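First the structure, in the form of structure tokens, and then the observations on it.
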Amino acid sequence: MDTKKIGRQTVRFSSPPSIAGYGSAVGQMEREGPLGQYFDFAGQDDTFGEKSWEKAETALQKKALNFALEKAGLQADRLDYIFAGDLLNQCIATSYSVRTQNVPFFGLYGACSTMAESLSLAAMLLDGGFGQTIAALTSSHFCSAERQYRNPLEYGGQKPPTAQWTATGSAAVILTQSGKGPFLTHVTTGKVTDKGITDANNMGAAMAPAAYSTLQAHFQDTGREPSFYDLIVTGDLGSLGKEIVTDFFRRDGVDLTKNYDDCGCLLFDPQTQDVHAGGSGCGCSAVVLAGYLLRQMEAGKLKNLLFCGTGALHSPTATMQGESIPGICHAVAITTEQKGGAQ
């Protein structure tokens, strides 16, 4: 029997699932950023013709899923499952976006790690033979997140330099049992890591230890060196969290700077856009993956990618009660090699 579990936290797929299609939809800020040209849809404003920010986020999800299905050449009724979630209470942006799809649905909450979490679970089901086609979907919206986690926009609250800008965006990825790739070969499931950070305006510091922990586990379980990957990308630690991760590895004698970046740093231009420490939100890493990184893989510019979604598992209630902020990170190895990589 083929042993798929390797090490404590990693699985290696015997039949690596293939990415059949992907779609992305973003707002005005994201359109004006350095990756603006890569997204399938970019709105002129952040309402998308809807009457509330929450409904606007639902509209984004519908657009992203439709683009992904179109590229995969599929109708929604061909999906065996949808794995999806968002940042809002009870994941309402997601539940309202999938209610017309008539597809079996698993709702997820992994905060900003939701795209990596949904890809992980979808790939496991496909490799296990429990379906043939599954969609991974997530989103965030700057205005709906601000209203829930911080203050209404009308309040005009100021933010410290460590704060990040919640991305307005949604992305969907369609996975199939077989196809031409790119392929998902390994998943390293993270553990909840809490180093006592209580500042809700410093998500990068709260999540960085979880990213470091999961990356360590991935390299140990797989036997791979960081240099195996053309790019290792976390999302979304922002500039401060990225610096913390590279410093952790530097103390281990590992130089991660040559092939490591963060989605929160890639999505916006800190010189021309006032995003403080960078981007955040479920949609941040999702649209960077489905808008930019997968296009780079299709163009042959990236062969081996390690996509590491990071999330802060907190709530305004817990933060106001003085609780610290737990972090999580899930790593997904993606390759363009037909056989799913050499290791």
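Residues in the structure tokens are numbered from 1 in each chain, the chains being A, B, ... in the order shown, and ligands are numbered from 1 in the order shown.
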Counting only C-alpha atoms, which residues in stretch 87-120 of chain A sit no more than 12 Å from stretch 221-237 of chain A? For each one, give the nearest pair of atoms and the distance in Å, sorted by chain then residue number, as a Markdown table.
```
| residue | atom | partner | partner_atom | distance |
| --- | --- | --- | --- | --- |
| A:Ala111 | CA | A:Asp236 | CA | 10.5 |
| A:Cys112 | CA | A:Asp236 | CA | 7.0 |
| A:Ser113 | CA | A:Gly235 | CA | 7.4 |
| A:Thr114 | CA | A:Gly235 | CA | 10.3 |
| A:Met115 | CA | A:Gly235 | CA | 9.8 |
| A:Ala116 | CA | A:Gly235 | CA | 9.4 |
```
**Message:** Run DSSP on the backbone and tell me which residues of stretch 29-205 of chain A come out as strand (DSSP E or B); list them as a PyMOL selection string.
**Reply:** chain A and resi 41-42+81-85+105-107+133-140+165-166+169-176+183-188+193
**Complete:** Correct to one decimal, the distance atom CA of A:Gly279-atom CA of A:Gln164 is 5.4 Å
